[in-house]
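Next comes data00.pdb, a file with PDB, C-alpha atoms, pLDDT in the B column.
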```pdb
ATOM      1  CA  MET A 165     -15.997 -25.112  48.819  1.00 57.00           C
ATOM      2  CA  ASP A 166     -16.517 -26.569  52.270  1.00 65.00           C
ATOM      3  CA  ARG A 167     -18.978 -24.465  54.314  1.00 63.00           C
ATOM      4  CA  SER A 168     -16.671 -24.147  57.344  1.00 79.00           C
ATOM      5  CA  LEU A 169     -13.751 -23.123  55.109  1.00 74.00           C
ATOM      6  CA  ARG A 170     -15.949 -20.504  53.417  1.00 69.00           C
ATOM      7  CA  GLU A 171     -17.068 -19.144  56.796  1.00 72.00           C
ATOM      8  CA  ASP A 172     -13.457 -19.067  58.061  1.00 72.00           C
ATOM      9  CA  LEU A 173     -12.348 -17.158  54.960  1.00 71.00           C
ATOM     10  CA  MET A 174     -15.208 -14.690  55.325  1.00 69.00           C
ATOM     11  CA  ALA A 175     -14.319 -14.137  58.997  1.00 73.00           C
ATOM     12  CA  GLU A 176     -10.696 -13.418  58.041  1.00 73.00           C
ATOM     13  CA  VAL A 177     -11.795 -10.892  55.411  1.00 73.00           C
ATOM     14  CA  ASP A 178     -14.113  -9.232  57.912  1.00 73.00           C
ATOM     15  CA  ASP A 179     -11.327  -9.041  60.521  1.00 75.00           C
ATOM     16  CA  VAL A 180      -9.238  -6.991  58.077  1.00 76.00           C
ATOM     17  CA  TRP A 181     -11.851  -4.966  56.169  1.00 82.00           C
ATOM     18  CA  SER A 182     -14.870  -4.457  58.411  1.00 91.00           C
ATOM     19  CA  GLU A 183     -15.654  -1.172  60.095  1.00 95.00           C
ATOM     20  CA  THR A 184     -18.286   0.078  62.512  1.00 97.00           C
ATOM     21  CA  ILE A 185     -21.571   0.937  60.798  1.00 98.00           C
ATOM     22  CA  ARG A 186     -24.741   2.359  62.326  1.00 98.00           C
ATOM     23  CA  HIS A 187     -27.886   1.099  60.592  1.00 98.00           C
ATOM     24  CA  LEU A 188     -30.799   3.544  60.692  1.00 98.00           C
ATOM     25  CA  PRO A 189     -33.996   1.727  59.664  1.00 98.00           C
ATOM     26  CA  LEU A 190     -36.513   4.062  58.044  1.00 97.00           C
ATOM     27  CA  ALA A 191     -40.107   3.800  56.869  1.00 96.00           C
ATOM     28  CA  SER A 192     -41.393   6.648  54.696  1.00 92.00           C
ATOM     29  CA  GLY A 193     -38.355   8.713  55.707  1.00 91.00           C
ATOM     30  CA  GLN A 194     -39.001   8.357  59.459  1.00 96.00           C
ATOM     31  CA  GLN A 195     -37.593   5.996  62.109  1.00 96.00           C
ATOM     32  CA  ASP A 196     -39.188   2.583  61.525  1.00 97.00           C
ATOM     33  CA  PRO A 197     -40.926   1.588  64.793  1.00 96.00           C
ATOM     34  CA  GLU A 198     -40.732  -2.101  63.796  1.00 96.00           C
ATOM     35  CA  ARG A 199     -36.905  -2.181  63.579  1.00 97.00           C
ATOM     36  CA  ASP A 200     -34.241  -0.968  66.005  1.00 96.00           C
ATOM     37  CA  THR A 201     -31.162   1.099  65.194  1.00 97.00           C
ATOM     38  CA  ALA A 202     -28.080  -1.123  65.342  1.00 97.00           C
ATOM     39  CA  GLU A 203     -24.309  -0.796  65.322  1.00 98.00           C
ATOM     40  CA  ILE A 204     -22.639  -3.556  63.366  1.00 97.00           C
ATOM     41  CA  ALA A 205     -19.258  -4.441  61.888  1.00 96.00           C
ATOM     42  CA  ALA A 206     -19.396  -4.852  58.110  1.00 96.00           C
ATOM     43  CA  CYS A 207     -17.298  -4.366  54.979  1.00 95.00           C
ATOM     44  CA  LEU A 208     -17.987  -1.014  53.311  1.00 95.00           C
ATOM     45  CA  ARG A 209     -16.459  -0.196  49.939  1.00 93.00           C
ATOM     46  CA  THR A 210     -16.928   3.226  48.473  1.00 91.00           C
ATOM     47  CA  GLY A 211     -15.861   5.183  45.420  1.00 79.00           C
ATOM     48  CA  ASP A 212     -16.209   4.970  41.661  1.00 57.00           C
ATOM     49  CA  ARG A 213     -15.589   1.365  40.646  1.00 48.00           C
ATOM     50  CA  ASP A 214     -17.374   0.947  37.302  1.00 52.00           C
ATOM     51  CA  ALA A 215     -15.675  -2.395  36.680  1.00 45.00           C
ATOM     52  CA  GLU A 216     -17.000  -3.790  39.975  1.00 47.00           C
ATOM     53  CA  ARG A 217     -20.507  -2.361  39.742  1.00 49.00           C
ATOM     54  CA  LEU A 218     -23.079  -4.701  41.280  1.00 51.00           C
ATOM     55  CA  ASN A 219     -25.824  -6.233  39.167  1.00 52.00           C
ATOM     56  CA  PHE A 220     -29.088  -6.690  41.038  1.00 51.00           C
ATOM     57  CA  GLY A 221     -30.752  -8.486  38.132  1.00 52.00           C
ATOM     58  CA  ARG A 222     -31.914  -5.378  36.291  1.00 49.00           C
ATOM     59  CA  GLY A 223     -28.762  -4.449  34.422  1.00 49.00           C
ATOM     60  CA  ASN A 224     -26.789  -1.327  35.196  1.00 45.00           C
ATOM     61  CA  LYS A 225     -27.851   1.070  32.453  1.00 44.00           C
ATOM     62  CA  GLY A 226     -30.416   2.899  34.599  1.00 44.00           C
ATOM     63  CA  ARG A 227     -28.100   3.514  37.566  1.00 41.00           C
ATOM     64  CA  ALA A 228     -25.097   5.231  35.996  1.00 41.00           C
ATOM     65  CA  GLY A 229     -23.278   7.325  38.573  1.00 37.00           C
ATOM     66  CA  VAL A 230     -24.913   5.874  41.708  1.00 36.00           C
ATOM     67  CA  MET A 231     -21.775   4.038  42.784  1.00 40.00           C
ATOM     68  CA  ALA A 232     -19.583   7.132  42.364  1.00 44.00           C
ATOM     69  CA  ASP A 233     -21.279   8.687  45.394  1.00 68.00           C
ATOM     70  CA  GLY A 234     -21.953   5.485  47.287  1.00 85.00           C
ATOM     71  CA  GLY A 235     -20.619   1.999  47.362  1.00 95.00           C
ATOM     72  CA  ASP A 236     -21.632  -1.336  48.722  1.00 95.00           C
ATOM     73  CA  LEU A 237     -21.981  -2.781  52.192  1.00 97.00           C
ATOM     74  CA  ARG A 238     -21.499  -6.481  52.859  1.00 95.00           C
ATOM     75  CA  ILE A 239     -22.995  -7.762  56.097  1.00 95.00           C
ATOM     76  CA  ASP A 240     -22.246 -11.189  57.593  1.00 92.00           C
ATOM     77  CA  ARG A 241     -25.654 -12.837  57.951  1.00 92.00           C
ATOM     78  CA  SER A 242     -24.461 -15.277  60.621  1.00 88.00           C
ATOM     79  CA  ALA A 243     -23.224 -12.409  62.817  1.00 91.00           C
ATOM     80  CA  TYR A 244     -26.491 -10.453  62.441  1.00 94.00           C
ATOM     81  CA  PRO A 245     -29.229 -13.011  61.691  1.00 94.00           C
ATOM     82  CA  ASP A 246     -32.091 -10.719  62.804  1.00 95.00           C
ATOM     83  CA  LEU A 247     -30.919  -7.600  60.948  1.00 96.00           C
ATOM     84  CA  VAL A 248     -33.380  -6.440  58.289  1.00 97.00           C
ATOM     85  CA  VAL A 249     -32.062  -3.840  55.838  1.00 97.00           C
ATOM     86  CA  ARG A 250     -34.431  -2.265  53.317  1.00 97.00           C
ATOM     87  CA  LYS A 251     -34.247   0.172  50.444  1.00 97.00           C
ATOM     88  CA  GLY A 252     -34.475   3.704  51.865  1.00 97.00           C
ATOM     89  CA  ASP A 253     -32.664   2.893  55.117  1.00 98.00           C
ATOM     90  CA  LYS A 254     -29.534   4.863  55.963  1.00 97.00           C
ATOM     91  CA  VAL A 255     -26.155   3.715  57.203  1.00 97.00           C
ATOM     92  CA  VAL A 256     -23.455   5.786  58.878  1.00 97.00           C
ATOM     93  CA  ALA A 257     -19.753   4.916  58.556  1.00 96.00           C
ATOM     94  CA  LEU A 258     -18.741   5.641  62.161  1.00 97.00           C
ATOM     95  CA  ASP A 259     -15.010   4.953  61.724  1.00 95.00           C
ATOM     96  CA  ARG A 260     -14.577   7.345  58.770  1.00 94.00           C
ATOM     97  CA  ASP A 261     -13.726  11.030  58.956  1.00 94.00           C
ATOM     98  CA  GLY A 262     -16.923  13.064  59.079  1.00 95.00           C
ATOM     99  CA  GLN A 263     -19.023   9.911  59.597  1.00 95.00           C
ATOM    100  CA  PRO A 264     -20.518   9.903  56.088  1.00 95.00           C
ATOM    101  CA  VAL A 265     -24.136   8.822  55.689  1.00 96.00           C
ATOM    102  CA  PHE A 266     -25.322   6.627  52.817  1.00 97.00           C
ATOM    103  CA  GLU A 267     -28.789   5.653  51.652  1.00 97.00           C
ATOM    104  CA  VAL A 268     -29.568   2.020  50.845  1.00 97.00           C
ATOM    105  CA  GLN A 269     -30.507   1.878  47.153  1.00 97.00           C
ATOM    106  CA  ALA A 270     -31.004  -1.897  46.876  1.00 97.00           C
ATOM    107  CA  VAL A 271     -30.542  -5.028  48.980  1.00 97.00           C
ATOM    108  CA  ASP A 272     -29.497  -8.406  47.613  1.00 96.00           C
ATOM    109  CA  ASP A 273     -30.499 -11.018  50.201  1.00 92.00           C
ATOM    110  CA  ARG A 274     -30.148 -14.088  47.984  1.00 91.00           C
ATOM    111  CA  SER A 275     -26.832 -15.185  49.504  1.00 87.00           C
ATOM    112  CA  HIS A 276     -26.932 -17.269  52.658  1.00 82.00           C
ATOM    113  CA  LEU A 277     -23.575 -15.712  53.651  1.00 86.00           C
ATOM    114  CA  ARG A 278     -24.058 -11.976  53.234  1.00 90.00           C
ATOM    115  CA  LEU A 279     -26.584  -9.214  52.802  1.00 94.00           C
ATOM    116  CA  ILE A 280     -25.209  -7.023  50.027  1.00 95.00           C
ATOM    117  CA  CYS A 281     -26.467  -3.452  50.064  1.00 97.00           C
ATOM    118  CA  GLU A 282     -25.968  -1.038  47.202  1.00 97.00           C
ATOM    119  CA  LEU A 283     -25.467   2.430  48.653  1.00 97.00           C
ATOM    120  CA  GLY A 284     -25.952   5.918  47.280  1.00 96.00           C
ATOM    121  CA  ASP A 285     -25.153   9.327  48.659  1.00 90.00           C
ATOM    122  CA  ALA A 286     -27.683  10.369  51.325  1.00 88.00           C
ATOM    123  CA  ASN A 287     -28.826  13.892  50.547  1.00 75.00           C
TER     124      ASN A 287
END
```
Kindly return the structure encoded in the file as C-alpha coordinates.
Amino acid sequence: MDRSLREDLMAEVDDVWSETIRHLPLASGQQDPERDTAEIAACLRTGDRDAERLNFGRGNKGRAGVMADGGDLRIDRSAYPDLVVRKGDKVVALDRDGQPVFEVQAVDDRSHLRLICELGDAN
(Lines of atoms letter the chains of each structure in order from A and count residues from 1; the text may use other names and numbers.)
(Lines give C-alpha, C1' and ligand atoms only; values in the text may rest on other atoms or scores of the structure.)
Protein backbone atom coordinates (compact mmCIF):
# COMPACT_ATOMS: atom_id res chain seq x y z
CA MET A 1 0.00 0.00 0.00
CA ASP A 2 1.26 3.44 -0.93
CA ARG A 3 2.56 5.32 2.14
CA SER A 4 0.48 8.46 1.49
CA LEU A 5 -2.67 6.36 0.98
CA ARG A 6 -1.97 4.52 4.25
CA GLU A 7 -1.47 7.81 6.10
CA ASP A 8 -4.67 9.26 4.57
CA LEU A 9 -6.64 6.19 5.64
CA MET A 10 -5.22 6.37 9.15
CA ALA A 11 -6.12 10.07 9.38
CA GLU A 12 -9.71 9.29 8.33
CA VAL A 13 -9.98 6.57 10.98
CA ASP A 14 -8.59 8.92 13.60
CA ASP A 15 -11.05 11.66 12.60
CA VAL A 16 -13.94 9.30 13.38
CA TRP A 17 -12.61 7.23 16.30
CA SER A 18 -10.08 9.30 18.21
CA GLU A 19 -10.82 10.89 21.56
CA THR A 20 -8.96 13.15 23.96
CA ILE A 21 -6.50 11.26 26.16
CA ARG A 22 -4.27 12.60 28.92
CA HIS A 23 -0.97 10.73 29.17
CA LEU A 24 0.50 10.64 32.68
CA PRO A 25 4.14 9.48 32.48
CA LEU A 26 5.24 7.70 35.64
CA ALA A 27 8.51 6.34 37.00
CA SER A 28 8.27 4.06 40.04
CA GLY A 29 4.67 5.19 40.53
CA GLN A 30 5.55 8.91 40.65
CA GLN A 31 5.47 11.67 38.01
CA ASP A 32 8.43 11.06 35.68
CA PRO A 33 10.55 14.25 35.71
CA GLU A 34 12.03 13.32 32.30
CA ARG A 35 8.66 13.30 30.48
CA ASP A 36 5.83 15.84 30.43
CA THR A 37 2.12 15.16 30.84
CA ALA A 38 0.40 15.50 27.46
CA GLU A 39 -3.10 15.66 26.03
CA ILE A 40 -3.40 13.84 22.74
CA ALA A 41 -6.05 12.55 20.36
CA ALA A 42 -5.89 8.78 19.92
CA CYS A 43 -8.09 5.75 19.27
CA LEU A 44 -9.08 4.00 22.51
CA ARG A 45 -10.94 0.69 22.41
CA THR A 46 -12.14 -0.85 25.61
CA GLY A 47 -14.10 -3.87 26.75
CA ASP A 48 -13.83 -7.64 26.58
CA ARG A 49 -12.78 -8.57 23.05
CA ASP A 50 -11.13 -11.99 23.37
CA ALA A 51 -11.13 -12.47 19.60
CA GLU A 52 -9.19 -9.23 19.09
CA ARG A 53 -6.74 -9.66 21.95
CA LEU A 54 -3.32 -8.22 21.10
CA ASN A 55 -0.26 -10.44 20.91
CA PHE A 56 2.92 -8.73 22.06
CA GLY A 57 5.11 -11.69 21.11
CA ARG A 58 4.65 -13.64 24.33
CA GLY A 59 1.35 -15.36 23.65
CA ASN A 60 -1.80 -14.54 25.56
CA LYS A 61 -2.06 -17.37 28.07
CA GLY A 62 -0.53 -15.39 30.95
CA ARG A 63 -2.76 -12.31 30.55
CA ALA A 64 -6.27 -13.76 30.65
CA GLY A 65 -8.75 -11.12 31.78
CA VAL A 66 -6.51 -8.05 31.35
CA MET A 67 -8.42 -6.79 28.33
CA ALA A 68 -11.80 -7.15 30.07
CA ASP A 69 -10.89 -4.23 32.34
CA GLY A 70 -8.75 -2.33 29.87
CA GLY A 71 -8.34 -2.13 26.16
CA ASP A 72 -5.87 -0.77 23.71
CA LEU A 73 -4.76 2.70 22.71
CA ARG A 74 -3.47 3.45 19.23
CA ILE A 75 -1.44 6.63 18.89
CA ASP A 76 -0.48 8.22 15.56
CA ARG A 77 3.32 8.43 15.66
CA SER A 78 3.47 11.20 13.05
CA ALA A 79 1.15 13.41 15.12
CA TYR A 80 3.14 12.83 18.33
CA PRO A 81 6.71 11.98 17.28
CA ASP A 82 8.25 12.91 20.66
CA LEU A 83 5.72 11.07 22.83
CA VAL A 84 7.27 8.27 24.88
CA VAL A 85 4.82 5.85 26.50
CA ARG A 86 6.11 3.18 28.89
CA LYS A 87 4.72 0.29 30.86
CA GLY A 88 3.36 1.64 34.16
CA ASP A 89 2.25 4.99 32.74
CA LYS A 90 -1.40 5.96 33.10
CA VAL A 91 -3.83 7.39 30.58
CA VAL A 92 -7.12 9.17 31.25
CA ALA A 93 -10.02 9.05 28.78
CA LEU A 94 -11.11 12.69 29.10
CA ASP A 95 -14.13 12.45 26.77
CA ARG A 96 -15.72 9.49 28.59
CA ASP A 97 -18.15 9.66 31.49
CA GLY A 98 -16.24 9.58 34.76
CA GLN A 99 -12.91 10.04 32.93
CA PRO A 100 -11.71 6.46 33.47
CA VAL A 101 -8.02 5.90 34.14
CA PHE A 102 -6.07 3.01 32.63
CA GLU A 103 -2.59 1.68 33.30
CA VAL A 104 -0.27 0.89 30.39
CA GLN A 105 0.49 -2.84 30.55
CA ALA A 106 2.65 -3.08 27.41
CA VAL A 107 3.75 -0.90 24.50
CA ASP A 108 4.31 -2.16 20.97
CA ASP A 109 6.50 0.41 19.20
CA ARG A 110 7.50 -1.73 16.22
CA SER A 111 5.12 -0.03 13.79
CA HIS A 112 6.28 3.15 12.10
CA LEU A 113 2.62 4.29 12.00
CA ARG A 114 1.33 3.79 15.52
CA LEU A 115 2.29 3.18 19.11
CA ILE A 116 -0.04 0.45 20.33
CA CYS A 117 -0.55 0.36 24.08
CA GLU A 118 -2.21 -2.51 25.89
CA LEU A 119 -4.18 -1.09 28.80
CA GLY A 120 -5.40 -2.54 32.07
CA ASP A 121 -7.61 -1.18 34.79
CA ALA A 122 -5.74 1.34 36.97
CA ASN A 123 -6.36 0.44 40.60
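Every protein, DNA or RNA residue with an atom at most 8 Å from region 183-197 of chain A, where only C-alpha atoms count and chain neighbours fewer than 3 positions away do not, is listed here: Asp200, Thr201, Ala202, Glu203, Ile204, Ala205, Ala206, Cys207, Leu208, Val249, Arg250, Gly252, Asp253, Lys254, Val255, Val256, Ala257, Leu258 and Asp259 of chain A.
With distances restricted to only C-alpha atoms, A:Asp240 is the closest residue to Asp172 (chain A) from A:Glu267, A:Asp273, A:Asp240, A:Glu282.
Selection check: the PyMOL selection byres ((chain A and resi 235) around 6) on the shown file gives Arg209, Thr210, Met231, Gly234, Asp236 and Leu283 of chain A.
For the choices A:Asp272, A:Gly284, A:Arg278, A:Arg199, the atom-to-atom distance to Val248 (chain A) is smallest for A:Arg199 when using only C-alpha atoms.
In this structure, CA of Arg238 (chain A) sits 6.5 Å away from CA of Cys281 (chain A).
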So that I can check the surroundings of Ser242 (chain A), please list as a ChimeraX atom specification every protein, DNA and RNA residue that reaches within 10 Å of it, counting all atoms listed in the file and ignoring chain neighbours fewer than 4 positions away.
/A:171,246,276-278
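Computed from the coordinates, the CA of Leu237 (chain A) to CA of Glu176 (chain A) distance equals 16.6 Å.
Between CA of Asp285 (chain A) and CA of Ala175 (chain A) the separation is 27.8 Å.
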